[in-house]
file final.tsv (TSV, N, CA and C atoms and all ligand atoms)
chain	number	residue	atom	x	y	z
A	1412	MET	N	-8.76	116.96	56.01
A	1412	MET	CA	-7.62	117.28	55.16
A	1412	MET	C	-7.21	116.06	54.33
A	1413	LEU	N	-6.76	116.34	53.15
A	1413	LEU	CA	-6.35	115.24	52.28
A	1413	LEU	C	-4.97	114.72	52.68
A	1414	SER	N	-4.79	113.44	52.58
A	1414	SER	CA	-3.48	112.88	52.88
A	1414	SER	C	-2.57	113.06	51.66
A	1415	LYS	N	-1.31	112.80	51.90
A	1415	LYS	CA	-0.30	112.97	50.84
A	1415	LYS	C	-0.63	112.12	49.61
A	1416	THR	N	-1.02	110.87	49.88
A	1416	THR	CA	-1.31	110.00	48.74
A	1416	THR	C	-2.58	110.42	48.00
A	1417	GLU	N	-3.54	110.96	48.76
A	1417	GLU	CA	-4.77	111.42	48.10
A	1417	GLU	C	-4.48	112.61	47.18
A	1418	ILE	N	-3.61	113.49	47.66
A	1418	ILE	CA	-3.23	114.63	46.83
A	1418	ILE	C	-2.48	114.14	45.59
A	1419	ALA	N	-1.57	113.19	45.81
A	1419	ALA	CA	-0.80	112.64	44.70
A	1419	ALA	C	-1.74	112.02	43.67
A	1420	GLU	N	-2.70	111.26	44.15
A	1420	GLU	CA	-3.65	110.59	43.27
A	1420	GLU	C	-4.42	111.60	42.42
A	1421	LYS	N	-4.89	112.64	43.10
A	1421	LYS	CA	-5.66	113.69	42.41
A	1421	LYS	C	-4.84	114.35	41.32
A	1422	ARG	N	-3.61	114.70	41.68
A	1422	ARG	CA	-2.72	115.38	40.72
A	1422	ARG	C	-2.39	114.50	39.54
A	1423	ILE	N	-2.12	113.25	39.85
A	1423	ILE	CA	-1.74	112.31	38.80
A	1423	ILE	C	-2.89	112.10	37.82
A	1424	LYS	N	-4.09	111.96	38.35
A	1424	LYS	CA	-5.25	111.77	37.47
A	1424	LYS	C	-5.48	112.99	36.60
A	1425	LYS	N	-5.29	114.15	37.19
A	1425	LYS	CA	-5.43	115.40	36.43
A	1425	LYS	C	-4.37	115.46	35.31
A	1426	LEU	N	-3.15	115.05	35.66
A	1426	LEU	CA	-2.07	115.09	34.68
A	1426	LEU	C	-2.33	114.13	33.51
A	1427	PHE	N	-2.92	112.99	33.82
A	1427	PHE	CA	-3.24	112.05	32.76
A	1427	PHE	C	-4.31	112.61	31.84
A	1428	THR	N	-5.26	113.32	32.42
A	1428	THR	CA	-6.30	113.95	31.60
A	1428	THR	C	-5.68	115.01	30.69
A	1429	LEU	N	-4.80	115.82	31.27
A	1429	LEU	CA	-4.13	116.85	30.48
A	1429	LEU	C	-3.26	116.23	29.39
A	1430	ALA	N	-2.58	115.15	29.76
A	1430	ALA	CA	-1.71	114.47	28.79
A	1430	ALA	C	-2.53	113.98	27.60
A	1431	GLU	N	-3.72	113.48	27.89
A	1431	GLU	CA	-4.57	112.98	26.80
A	1431	GLU	C	-5.01	114.13	25.89
A	1432	GLU	N	-5.37	115.25	26.51
A	1432	GLU	CA	-5.76	116.41	25.71
A	1432	GLU	C	-4.63	116.85	24.79
A	1433	GLU	N	-3.43	116.89	25.35
A	1433	GLU	CA	-2.27	117.34	24.57
A	1433	GLU	C	-1.93	116.36	23.44
A	1434	LEU	N	-2.09	115.09	23.75
A	1434	LEU	CA	-1.80	114.08	22.73
A	1434	LEU	C	-2.77	114.21	21.56
A	1435	ARG	N	-4.04	114.44	21.89
A	1435	ARG	CA	-5.04	114.59	20.83
A	1435	ARG	C	-4.80	115.84	19.99
A	1436	LYS	N	-4.16	116.83	20.62
A	1436	LYS	CA	-3.81	118.05	19.88
A	1436	LYS	C	-2.50	117.88	19.12
A	1437	GLY	N	-1.79	116.81	19.40
A	1437	GLY	CA	-0.53	116.57	18.72
A	1437	GLY	C	0.69	117.14	19.42
A	1438	ASN	N	0.52	117.59	20.65
A	1438	ASN	CA	1.66	118.11	21.41
A	1438	ASN	C	2.38	116.99	22.16
A	1439	LEU	N	3.25	116.30	21.45
A	1439	LEU	CA	3.91	115.14	22.04
A	1439	LEU	C	4.81	115.49	23.22
A	1440	ASP	N	5.52	116.60	23.08
A	1440	ASP	CA	6.43	116.98	24.15
A	1440	ASP	C	5.69	117.24	25.46
A	1441	ARG	N	4.56	117.92	25.33
A	1441	ARG	CA	3.78	118.20	26.54
A	1441	ARG	C	3.21	116.93	27.13
A	1442	THR	N	2.74	116.05	26.26
A	1442	THR	CA	2.20	114.77	26.74
A	1442	THR	C	3.25	114.04	27.56
A	1443	LYS	N	4.46	113.96	27.00
A	1443	LYS	CA	5.53	113.26	27.71
A	1443	LYS	C	5.89	113.95	29.01
A	1444	ARG	N	5.85	115.27	28.98
A	1444	ARG	CA	6.19	116.01	30.19
A	1444	ARG	C	5.19	115.72	31.30
A	1445	TYR	N	3.91	115.67	30.95
A	1445	TYR	CA	2.88	115.40	31.94
A	1445	TYR	C	3.01	113.99	32.51
A	1446	ILE	N	3.32	113.04	31.65
A	1446	ILE	CA	3.47	111.67	32.13
A	1446	ILE	C	4.69	111.55	33.05
A	1447	ARG	N	5.79	112.18	32.62
A	1447	ARG	CA	7.00	112.16	33.45
A	1447	ARG	C	6.71	112.75	34.82
A	1448	LEU	N	6.00	113.86	34.81
A	1448	LEU	CA	5.66	114.56	36.04
A	1448	LEU	C	4.81	113.69	36.95
A	1449	SER	N	3.82	113.02	36.38
A	1449	SER	CA	2.95	112.21	37.22
A	1449	SER	C	3.71	111.02	37.79
A	1450	ARG	N	4.67	110.49	37.04
A	1450	ARG	CA	5.47	109.39	37.56
A	1450	ARG	C	6.34	109.87	38.71
A	1451	LYS	N	6.86	111.07	38.55
A	1451	LYS	CA	7.70	111.67	39.58
A	1451	LYS	C	6.90	111.90	40.86
A	1452	ILE	N	5.71	112.43	40.72
A	1452	ILE	CA	4.85	112.68	41.88
A	1452	ILE	C	4.57	111.35	42.59
A	1453	GLY	N	4.27	110.35	41.80
A	1453	GLY	CA	4.00	109.03	42.37
A	1453	GLY	C	5.16	108.50	43.18
A	1454	MET	N	6.37	108.66	42.64
A	1454	MET	CA	7.56	108.18	43.33
A	1454	MET	C	7.81	108.96	44.61
A	1455	LYS	N	7.66	110.26	44.50
A	1455	LYS	CA	7.93	111.13	45.63
A	1455	LYS	C	6.96	110.86	46.78
A	1456	CYS	N	5.72	110.66	46.43
A	1456	CYS	CA	4.70	110.46	47.47
A	1456	CYS	C	4.47	109.00	47.77
A	1457	GLN	N	5.29	108.15	47.21
A	1457	GLN	CA	5.17	106.70	47.39
A	1457	GLN	C	3.76	106.22	47.09
A	1458	TYR	N	3.27	106.72	45.99
A	1458	TYR	CA	1.94	106.34	45.56
A	1458	TYR	C	2.08	105.45	44.33
A	1459	THR	N	1.63	104.25	44.44
A	1459	THR	CA	1.74	103.33	43.32
A	1459	THR	C	0.61	103.61	42.34
A	1460	LEU	N	0.97	103.81	41.11
A	1460	LEU	CA	-0.05	104.08	40.10
A	1460	LEU	C	-0.97	102.88	39.96
A	1461	PRO	N	-2.27	103.12	39.91
A	1461	PRO	CA	-3.19	102.00	39.72
A	1461	PRO	C	-2.96	101.34	38.36
A	1462	LYS	N	-3.32	100.08	38.28
A	1462	LYS	CA	-3.11	99.29	37.08
A	1462	LYS	C	-3.59	100.00	35.81
A	1463	GLU	N	-4.79	100.58	35.89
A	1463	GLU	CA	-5.34	101.18	34.68
A	1463	GLU	C	-4.52	102.38	34.19
A	1464	LEU	N	-3.82	103.04	35.12
A	1464	LEU	CA	-2.97	104.15	34.69
A	1464	LEU	C	-1.61	103.65	34.24
A	1465	LYS	N	-1.12	102.65	34.93
A	1465	LYS	CA	0.18	102.07	34.59
A	1465	LYS	C	0.21	101.59	33.14
A	1466	ARG	N	-0.91	101.10	32.71
A	1466	ARG	CA	-0.97	100.55	31.35
A	1466	ARG	C	-1.17	101.63	30.32
A	1467	LYS	N	-1.40	102.83	30.78
A	1467	LYS	CA	-1.75	103.90	29.85
A	1467	LYS	C	-0.58	104.70	29.30
A	1468	PHE	N	0.63	104.37	29.74
A	1468	PHE	CA	1.75	105.11	29.18
A	1468	PHE	C	2.90	104.18	28.85
A	1469	CYS	N	3.78	104.66	27.97
A	1469	CYS	CA	4.95	103.88	27.58
A	1469	CYS	C	6.07	104.17	28.57
A	1470	LYS	N	6.57	103.12	29.20
A	1470	LYS	CA	7.62	103.28	30.20
A	1470	LYS	C	8.92	103.77	29.59
A	1471	LYS	N	9.10	103.47	28.33
A	1471	LYS	CA	10.35	103.81	27.68
A	1471	LYS	C	10.41	105.27	27.25
A	1472	CYS	N	9.35	105.75	26.61
A	1472	CYS	CA	9.41	107.13	26.13
A	1472	CYS	C	8.38	108.05	26.77
A	1473	ASN	N	7.66	107.55	27.77
A	1473	ASN	CA	6.70	108.38	28.52
A	1473	ASN	C	5.55	108.97	27.72
A	1474	ILE	N	5.22	108.34	26.62
A	1474	ILE	CA	4.08	108.86	25.86
A	1474	ILE	C	2.81	108.19	26.40
A	1475	LEU	N	1.70	108.91	26.33
A	1475	LEU	CA	0.44	108.32	26.74
A	1475	LEU	C	0.00	107.38	25.63
A	1476	LEU	N	-0.45	106.21	26.00
A	1476	LEU	CA	-0.82	105.23	24.98
A	1476	LEU	C	-2.32	105.23	24.73
A	1477	ILE	N	-2.70	105.71	23.57
A	1477	ILE	CA	-4.10	105.64	23.17
A	1477	ILE	C	-4.16	104.88	21.86
A	1478	PRO	N	-4.90	103.76	21.86
A	1478	PRO	CA	-4.95	102.94	20.65
A	1478	PRO	C	-5.35	103.75	19.41
A	1479	GLY	N	-4.60	103.59	18.35
A	1479	GLY	CA	-4.91	104.30	17.11
A	1479	GLY	C	-4.22	105.65	17.02
A	1480	ILE	N	-3.84	106.22	18.16
A	1480	ILE	CA	-3.16	107.51	18.15
A	1480	ILE	C	-1.67	107.33	18.44
A	1481	SER	N	-1.38	106.64	19.52
A	1481	SER	CA	0.03	106.50	19.88
A	1481	SER	C	0.46	105.05	20.05
A	1482	CYS	N	-0.48	104.14	19.92
A	1482	CYS	CA	-0.08	102.75	20.04
A	1482	CYS	C	-1.04	101.84	19.27
A	1483	ARG	N	-0.57	100.63	19.07
A	1483	ARG	CA	-1.41	99.66	18.39
A	1483	ARG	C	-1.64	98.49	19.34
A	1484	VAL	N	-2.85	98.06	19.44
A	1484	VAL	CA	-3.16	96.96	20.35
A	1484	VAL	C	-3.44	95.71	19.54
A	1485	LYS	N	-2.75	94.67	19.91
A	1485	LYS	CA	-2.95	93.42	19.21
A	1485	LYS	C	-3.34	92.35	20.22
A	1486	LEU	N	-4.39	91.67	19.92
A	1486	LEU	CA	-4.81	90.61	20.82
A	1486	LEU	C	-4.39	89.26	20.26
A	1487	SER	N	-3.73	88.49	21.08
A	1487	SER	CA	-3.47	87.13	20.67
A	1487	SER	C	-4.22	86.23	21.64
A	1488	GLU	N	-3.99	84.96	21.52
A	1488	GLU	CA	-4.80	84.04	22.31
A	1488	GLU	C	-4.71	84.28	23.82
A	1489	LYS	N	-3.48	84.51	24.27
A	1489	LYS	CA	-3.32	84.66	25.72
A	1489	LYS	C	-2.80	86.01	26.15
A	1490	THR	N	-2.36	86.81	25.22
A	1490	THR	CA	-1.77	88.08	25.62
A	1490	THR	C	-2.33	89.27	24.85
A	1491	ILE	N	-2.13	90.44	25.46
A	1491	ILE	CA	-2.46	91.68	24.79
A	1491	ILE	C	-1.12	92.36	24.53
A	1492	ASP	N	-0.84	92.67	23.29
A	1492	ASP	CA	0.40	93.36	22.96
A	1492	ASP	C	0.09	94.82	22.63
A	1493	ILE	N	0.76	95.71	23.32
A	1493	ILE	CA	0.56	97.12	23.05
A	1493	ILE	C	1.87	97.69	22.52
A	1494	LYS	N	1.85	98.12	21.27
A	1494	LYS	CA	3.09	98.61	20.67
A	1494	LYS	C	3.07	100.12	20.55
A	1495	CYS	N	4.09	100.73	21.13
A	1495	CYS	CA	4.21	102.18	21.09
A	1495	CYS	C	4.66	102.62	19.70
A	1496	PHE	N	3.96	103.60	19.13
A	1496	PHE	CA	4.30	104.09	17.79
A	1496	PHE	C	5.62	104.86	17.78
A	1497	TYR	N	5.99	105.42	18.92
A	1497	TYR	CA	7.13	106.33	18.93
A	1497	TYR	C	8.47	105.68	19.21
A	1498	CYS	N	8.47	104.63	20.02
A	1498	CYS	CA	9.76	103.98	20.29
A	1498	CYS	C	9.72	102.49	20.00
A	1499	ASN	N	8.57	102.03	19.47
A	1499	ASN	CA	8.39	100.62	19.11
A	1499	ASN	C	8.50	99.65	20.27
A	1500	ASN	N	8.41	100.17	21.47
A	1500	ASN	CA	8.43	99.31	22.63
A	1500	ASN	C	7.12	98.52	22.71
A	1501	ILE	N	7.22	97.27	23.06
A	1501	ILE	CA	6.00	96.46	23.17
A	1501	ILE	C	5.75	96.07	24.62
A	1502	LYS	N	4.57	96.41	25.07
A	1502	LYS	CA	4.14	95.98	26.41
A	1502	LYS	C	3.29	94.74	26.20
A	1503	ARG	N	3.50	93.76	27.01
A	1503	ARG	CA	2.72	92.54	26.83
A	1503	ARG	C	2.04	92.14	28.13
A	1504	TYR	N	0.76	91.96	28.06
A	1504	TYR	CA	0.03	91.51	29.24
A	1504	TYR	C	-0.65	90.20	28.93
A	1505	SER	N	-0.65	89.36	29.93
A	1505	SER	CA	-1.42	88.14	29.71
A	1505	SER	C	-2.76	88.35	30.38
A	1506	TYR	N	-3.74	87.76	29.85
A	1506	TYR	CA	-5.03	87.86	30.51
A	1506	TYR	C	-5.64	86.48	30.70
A	1507	GLY	N	-6.32	86.34	31.78
A	1507	GLY	CA	-6.91	85.05	32.08
A	1507	GLY	C	-8.05	84.73	31.13
A	1508	LYS	N	-8.11	83.50	30.75
A	1508	LYS	CA	-9.19	83.09	29.87
A	1508	LYS	C	-10.47	82.95	30.66
A	1509	LYS	N	-11.53	83.43	30.10
A	1509	LYS	CA	-12.80	83.24	30.78
A	1509	LYS	C	-13.30	81.83	30.48
A	1510	ASN	N	-14.02	81.31	31.45
A	1510	ASN	CA	-14.50	79.92	31.46
A	1510	ASN	C	-13.37	78.91	31.70
A	1601	ZN	ZN	7.29	104.48	23.63
call {"tool": "encode", "arguments": {"input": "final.tsv", "output": "structure tokens"}}
result
Amino acid sequence: MLSKTEIAEKRIKKLFTLAEEELRKGNLDRTKRYIRLSRKIGMKCQYTLPKELKRKFCKKCNILLIPGISCRVKLSEKTIDIKCFYCNNIKRYSYGKKN
């Protein structure tokens, strides 16, 4: 039997896939609804979203972030800036320099 967190993980991943489909179709409301839902499931089941998913949505307006569609990615020397097209929120990540 699947554990609670495994079920949560499965549902969340499915929701992110659906959110992406809706975003590509231009259904912003649905995209946001799916992201909100997956965050809720995560909280309820105490499942921490993996890094790669955490970076995929805007915390402020719950839109899925896809470069060129809903956000702009800018690389600077030490950071990655991801700017949401809908609320202008900027997520900033630093990344380690190689070598
Ligand atoms: Zn946003």
call {"tool": "atom_distance", "arguments": {"input": "final.tsv", "atom1": "atom CA of A:Ala1419", "atom2": "atom C of A:Glu1431"}}
result
19.3 Å
call {"tool": "closest_residue", "arguments": {"input": "final.tsv", "among": "A:Lys1485, A:Lys1421, A:Lys1470, A:Arg1441", "to": "ligand ZN 1601 (chain A)", "atoms": "only C-alpha atoms and all ligand atoms"}}
result
A:Lys1470
call {"tool": "residues_near_ligand", "arguments": {"input": "final.tsv", "ligand": "ligand ZN 1601 (chain A)", "cutoff": "8 Å", "atoms": "all atoms listed in the file", "output": "PyMOL selection string"}}
result
chain A and resi 1468-1475+1481+1494-1501
call {"tool": "select_by_dssp", "arguments": {"input": "final.tsv", "residues": "stretch 1426-1493 of chain A", "states": "strand (DSSP E or B)", "output": "VMD selection string"}}
result
chain A and resid 1468 1475 1478 1482 to 1486 1490 to 1493
call {"tool": "select_by_dssp", "arguments": {"input": "final.tsv", "residues": "chain A", "states": "helix (DSSP H, G or I)", "output": "NGL selection string"}}
result
:A and (1415-1436 or 1439-1455 or 1462-1465)
call {"tool": "residues_around", "arguments": {"input": "final.tsv", "residues": "A:Tyr1445", "least_positions_apart": "4", "cutoff": "7 Å", "atoms": "all atoms listed in the file", "output": "list in words"}}
result
Leu1426, Phe1427, Leu1429, Ala1430, Asp1440, Arg1441, Ser1449 and Arg1450 of chain A
call {"tool": "residues_around", "arguments": {"input": "final.tsv", "residues": "stretch 1452-1454 of chain A", "least_positions_apart": "6", "cutoff": "8 Å", "atoms": "all atoms listed in the file", "output": "NGL selection string"}}
result
:A and (1419-1420 or 1422-1423 or 1446 or 1460)
call {"tool": "axis_aligned_box", "arguments": {"input": "final.tsv", "around": "stretch 1463-1469 of chain A", "padding_each_side": "8 Å", "output": "AutoDock Vina command-line options"}}
result
--center_x 0.4 --center_y 102.8 --center_z 31.7 --size_x 27.4 --size_y 20.6 --size_z 24.3
call {"tool": "atom_distance", "arguments": {"input": "final.tsv", "atom1": "atom C of A:Glu1488", "atom2": "atom C of A:Ser1505"}}
result
8.0 Å
call {"tool": "residues_around", "arguments": {"input": "final.tsv", "residues": "A:Val1484", "least_positions_apart": "2", "cutoff": "12 Å", "atoms": "only C-alpha atoms", "output": "JSON list (two decimals) with N, CA and C atoms, in the frame of the given file"}}
result
[["chain", "number", "residue", "atom", "x", "y", "z"],
["A", 1466, "ARG", "N", -0.91, 101.10, 32.71],
["A", 1466, "ARG", "CA", -0.97, 100.55, 31.35],
["A", 1466, "ARG", "C", -1.17, 101.63, 30.32],
["A", 1467, "LYS", "N", -1.40, 102.83, 30.78],
["A", 1467, "LYS", "CA", -1.75, 103.90, 29.85],
["A", 1467, "LYS", "C", -0.58, 104.70, 29.30],
["A", 1476, "LEU", "N", -0.45, 106.21, 26.00],
["A", 1476, "LEU", "CA", -0.82, 105.23, 24.98],
["A", 1476, "LEU", "C", -2.32, 105.23, 24.73],
["A", 1477, "ILE", "N", -2.70, 105.71, 23.57],
["A", 1477, "ILE", "CA", -4.10, 105.64, 23.17],
["A", 1477, "ILE", "C", -4.16, 104.88, 21.86],
["A", 1478, "PRO", "N", -4.90, 103.76, 21.86],
["A", 1478, "PRO", "CA", -4.95, 102.94, 20.65],
["A", 1478, "PRO", "C", -5.35, 103.75, 19.41],
["A", 1479, "GLY", "N", -4.60, 103.59, 18.35],
["A", 1479, "GLY", "CA", -4.91, 104.30, 17.11],
["A", 1479, "GLY", "C", -4.22, 105.65, 17.02],
["A", 1480, "ILE", "N", -3.84, 106.22, 18.16],
["A", 1480, "ILE", "CA", -3.16, 107.51, 18.15],
["A", 1480, "ILE", "C", -1.67, 107.33, 18.44],
["A", 1481, "SER", "N", -1.38, 106.64, 19.52],
["A", 1481, "SER", "CA", 0.03, 106.50, 19.88],
["A", 1481, "SER", "C", 0.46, 105.05, 20.05],
["A", 1482, "CYS", "N", -0.48, 104.14, 19.92],
["A", 1482, "CYS", "CA", -0.08, 102.75, 20.04],
["A", 1482, "CYS", "C", -1.04, 101.84, 19.27],
["A", 1486, "LEU", "N", -4.39, 91.67, 19.92],
["A", 1486, "LEU", "CA", -4.81, 90.61, 20.82],
["A", 1486, "LEU", "C", -4.39, 89.26, 20.26],
["A", 1487, "SER", "N", -3.73, 88.49, 21.08],
["A", 1487, "SER", "CA", -3.47, 87.13, 20.67],
["A", 1487, "SER", "C", -4.22, 86.23, 21.64],
["A", 1490, "THR", "N", -2.36, 86.81, 25.22],
["A", 1490, "THR", "CA", -1.77, 88.08, 25.62],
["A", 1490, "THR", "C", -2.33, 89.27, 24.85],
["A", 1491, "ILE", "N", -2.13, 90.44, 25.46],
["A", 1491, "ILE", "CA", -2.46, 91.68, 24.79],
["A", 1491, "ILE", "C", -1.12, 92.36, 24.53],
["A", 1492, "ASP", "N", -0.84, 92.67, 23.29],
["A", 1492, "ASP", "CA", 0.40, 93.36, 22.96],
["A", 1492, "ASP", "C", 0.09, 94.82, 22.63],
["A", 1493, "ILE", "N", 0.76, 95.71, 23.32],
["A", 1493, "ILE", "CA", 0.56, 97.12, 23.05],
["A", 1493, "ILE", "C", 1.87, 97.69, 22.52],
["A", 1494, "LYS", "N", 1.85, 98.12, 21.27],
["A", 1494, "LYS", "CA", 3.09, 98.61, 20.67],
["A", 1494, "LYS", "C", 3.07, 100.12, 20.55],
["A", 1495, "CYS", "N", 4.09, 100.73, 21.13],
["A", 1495, "CYS", "CA", 4.21, 102.18, 21.09],
["A", 1495, "CYS", "C", 4.66, 102.62, 19.70],
["A", 1496, "PHE", "N", 3.96, 103.60, 19.13],
["A", 1496, "PHE", "CA", 4.30, 104.09, 17.79],
["A", 1496, "PHE", "C", 5.62, 104.86, 17.78],
["A", 1501, "ILE", "N", 7.22, 97.27, 23.06],
["A", 1501, "ILE", "CA", 6.00, 96.46, 23.17],
["A", 1501, "ILE", "C", 5.75, 96.07, 24.62],
["A", 1502, "LYS", "N", 4.57, 96.41, 25.07],
["A", 1502, "LYS", "CA", 4.14, 95.98, 26.41],
["A", 1502, "LYS", "C", 3.29, 94.74, 26.20],
["A", 1503, "ARG", "N", 3.50, 93.76, 27.01],
["A", 1503, "ARG", "CA", 2.72, 92.54, 26.83],
["A", 1503, "ARG", "C", 2.04, 92.14, 28.13],
["A", 1504, "TYR", "N", 0.76, 91.96, 28.06],
["A", 1504, "TYR", "CA", 0.03, 91.51, 29.24],
["A", 1504, "TYR", "C", -0.65, 90.20, 28.93]]
call {"tool": "atom_distance", "arguments": {"input": "final.tsv", "atom1": "atom CA of A:Gly1507", "atom2": "atom N of A:Thr1459"}}
result
24.4 Å
call {"tool": "decode", "arguments": {"input": "final.tsv", "residues": "stretch 1428-1510 of chain A", "atoms": "C-alpha atoms", "output": "PDB file, in the first residue's frame"}}
result
ATOM      1  CA  THR A1428       1.563  18.140 -15.371  1.00  0.00           C
ATOM      2  CA  LEU A1429      -2.041  19.279 -15.666  1.00  0.00           C
ATOM      3  CA  ALA A1430      -1.073  22.819 -14.713  1.00  0.00           C
ATOM      4  CA  GLU A1431       1.479  22.870 -17.507  1.00  0.00           C
ATOM      5  CA  GLU A1432      -1.069  21.659 -20.035  1.00  0.00           C
ATOM      6  CA  GLU A1433      -3.521  24.343 -18.963  1.00  0.00           C
ATOM      7  CA  LEU A1434      -0.892  27.044 -19.060  1.00  0.00           C
ATOM      8  CA  ARG A1435       0.058  26.105 -22.608  1.00  0.00           C
ATOM      9  CA  LYS A1436      -3.613  26.322 -23.537  1.00  0.00           C
ATOM     10  CA  GLY A1437      -3.820  29.731 -21.905  1.00  0.00           C
ATOM     11  CA  ASN A1438      -6.093  28.743 -19.035  1.00  0.00           C
ATOM     12  CA  LEU A1439      -4.449  30.793 -16.322  1.00  0.00           C
ATOM     13  CA  ASP A1440      -7.160  30.311 -13.745  1.00  0.00           C
ATOM     14  CA  ARG A1441      -6.958  26.557 -14.014  1.00  0.00           C
ATOM     15  CA  THR A1442      -3.184  26.615 -13.861  1.00  0.00           C
ATOM     16  CA  LYS A1443      -3.319  28.609 -10.644  1.00  0.00           C
ATOM     17  CA  ARG A1444      -5.981  26.366  -9.220  1.00  0.00           C
ATOM     18  CA  TYR A1445      -3.875  23.263  -9.826  1.00  0.00           C
ATOM     19  CA  ILE A1446      -0.812  24.820  -8.243  1.00  0.00           C
ATOM     20  CA  ARG A1447      -2.804  26.000  -5.229  1.00  0.00           C
ATOM     21  CA  LEU A1448      -4.251  22.527  -4.869  1.00  0.00           C
ATOM     22  CA  SER A1449      -0.892  20.817  -5.022  1.00  0.00           C
ATOM     23  CA  ARG A1450       0.499  23.178  -2.391  1.00  0.00           C
ATOM     24  CA  LYS A1451      -2.479  22.417  -0.194  1.00  0.00           C
ATOM     25  CA  ILE A1452      -2.004  18.672  -0.587  1.00  0.00           C
ATOM     26  CA  GLY A1453       1.649  19.077   0.293  1.00  0.00           C
ATOM     27  CA  MET A1454       0.818  20.988   3.451  1.00  0.00           C
ATOM     28  CA  LYS A1455      -1.899  18.612   4.507  1.00  0.00           C
ATOM     29  CA  CYS A1456       0.227  15.530   4.031  1.00  0.00           C
ATOM     30  CA  GLN A1457       3.359  17.201   5.349  1.00  0.00           C
ATOM     31  CA  TYR A1458       5.084  16.517   2.111  1.00  0.00           C
ATOM     32  CA  THR A1459       7.781  18.984   1.229  1.00  0.00           C
ATOM     33  CA  LEU A1460       7.811  19.785  -2.443  1.00  0.00           C
ATOM     34  CA  PRO A1461      11.077  18.767  -4.068  1.00  0.00           C
ATOM     35  CA  LYS A1462      13.362  21.576  -5.168  1.00  0.00           C
ATOM     36  CA  GLU A1463      12.612  21.133  -8.846  1.00  0.00           C
ATOM     37  CA  LEU A1464       8.890  21.597  -8.217  1.00  0.00           C
ATOM     38  CA  LYS A1465       9.307  24.404  -5.732  1.00  0.00           C
ATOM     39  CA  ARG A1466      11.075  26.417  -8.366  1.00  0.00           C
ATOM     40  CA  LYS A1467       8.395  25.775 -10.907  1.00  0.00           C
ATOM     41  CA  PHE A1468       5.709  28.050  -9.572  1.00  0.00           C
ATOM     42  CA  CYS A1469       5.304  31.617  -8.394  1.00  0.00           C
ATOM     43  CA  LYS A1470       4.707  31.737  -4.649  1.00  0.00           C
ATOM     44  CA  LYS A1471       2.917  35.025  -4.936  1.00  0.00           C
ATOM     45  CA  CYS A1472       0.330  34.318  -7.611  1.00  0.00           C
ATOM     46  CA  ASN A1473       0.531  30.512  -7.916  1.00  0.00           C
ATOM     47  CA  ILE A1474       1.199  30.490 -11.620  1.00  0.00           C
ATOM     48  CA  LEU A1475       3.360  27.752 -13.093  1.00  0.00           C
ATOM     49  CA  LEU A1476       6.622  29.236 -14.259  1.00  0.00           C
ATOM     50  CA  ILE A1477       7.682  28.238 -17.743  1.00  0.00           C
ATOM     51  CA  PRO A1478      10.386  30.376 -19.322  1.00  0.00           C
ATOM     52  CA  GLY A1479       9.035  32.342 -22.262  1.00  0.00           C
ATOM     53  CA  ILE A1480       5.420  31.623 -21.349  1.00  0.00           C
ATOM     54  CA  SER A1481       4.934  32.825 -17.811  1.00  0.00           C
ATOM     55  CA  CYS A1482       8.335  33.964 -16.683  1.00  0.00           C
ATOM     56  CA  ARG A1483      11.634  35.328 -17.819  1.00  0.00           C
ATOM     57  CA  VAL A1484      14.889  33.821 -16.701  1.00  0.00           C
ATOM     58  CA  LYS A1485      17.910  35.972 -16.380  1.00  0.00           C
ATOM     59  CA  LEU A1486      21.314  34.674 -15.546  1.00  0.00           C
ATOM     60  CA  SER A1487      23.804  36.854 -13.822  1.00  0.00           C
ATOM     61  CA  GLU A1488      27.213  35.961 -12.564  1.00  0.00           C
ATOM     62  CA  LYS A1489      26.106  34.361  -9.338  1.00  0.00           C
ATOM     63  CA  THR A1490      22.349  34.218  -9.433  1.00  0.00           C
ATOM     64  CA  ILE A1491      19.429  33.082 -11.508  1.00  0.00           C
ATOM     65  CA  ASP A1492      16.569  35.568 -11.546  1.00  0.00           C
ATOM     66  CA  ILE A1493      13.154  34.292 -12.470  1.00  0.00           C
ATOM     67  CA  LYS A1494      10.602  37.013 -13.057  1.00  0.00           C
ATOM     68  CA  CYS A1495       6.929  36.184 -13.084  1.00  0.00           C
ATOM     69  CA  PHE A1496       5.075  37.834 -15.977  1.00  0.00           C
ATOM     70  CA  TYR A1497       1.834  38.075 -14.039  1.00  0.00           C
ATOM     71  CA  CYS A1498       2.778  39.643 -10.732  1.00  0.00           C
ATOM     72  CA  ASN A1499       6.352  40.760 -11.477  1.00  0.00           C
ATOM     73  CA  ASN A1500       7.623  38.831  -8.506  1.00  0.00           C
ATOM     74  CA  ILE A1501      11.282  37.917  -8.804  1.00  0.00           C
ATOM     75  CA  LYS A1502      12.659  34.679  -7.466  1.00  0.00           C
ATOM     76  CA  ARG A1503      16.385  34.688  -7.052  1.00  0.00           C
ATOM     77  CA  TYR A1504      18.603  31.680  -6.676  1.00  0.00           C
ATOM     78  CA  SER A1505      22.278  31.614  -6.258  1.00  0.00           C
ATOM     79  CA  TYR A1506      24.192  28.860  -7.838  1.00  0.00           C
ATOM     80  CA  GLY A1507      27.602  27.568  -7.054  1.00  0.00           C
ATOM     81  CA  LYS A1508      30.302  28.316  -9.513  1.00  0.00           C
ATOM     82  CA  LYS A1509      31.837  25.338 -11.136  1.00  0.00           C
ATOM     83  CA  ASN A1510      35.592  24.950 -10.746  1.00  0.00           C
TER      84      ASN A1510
END
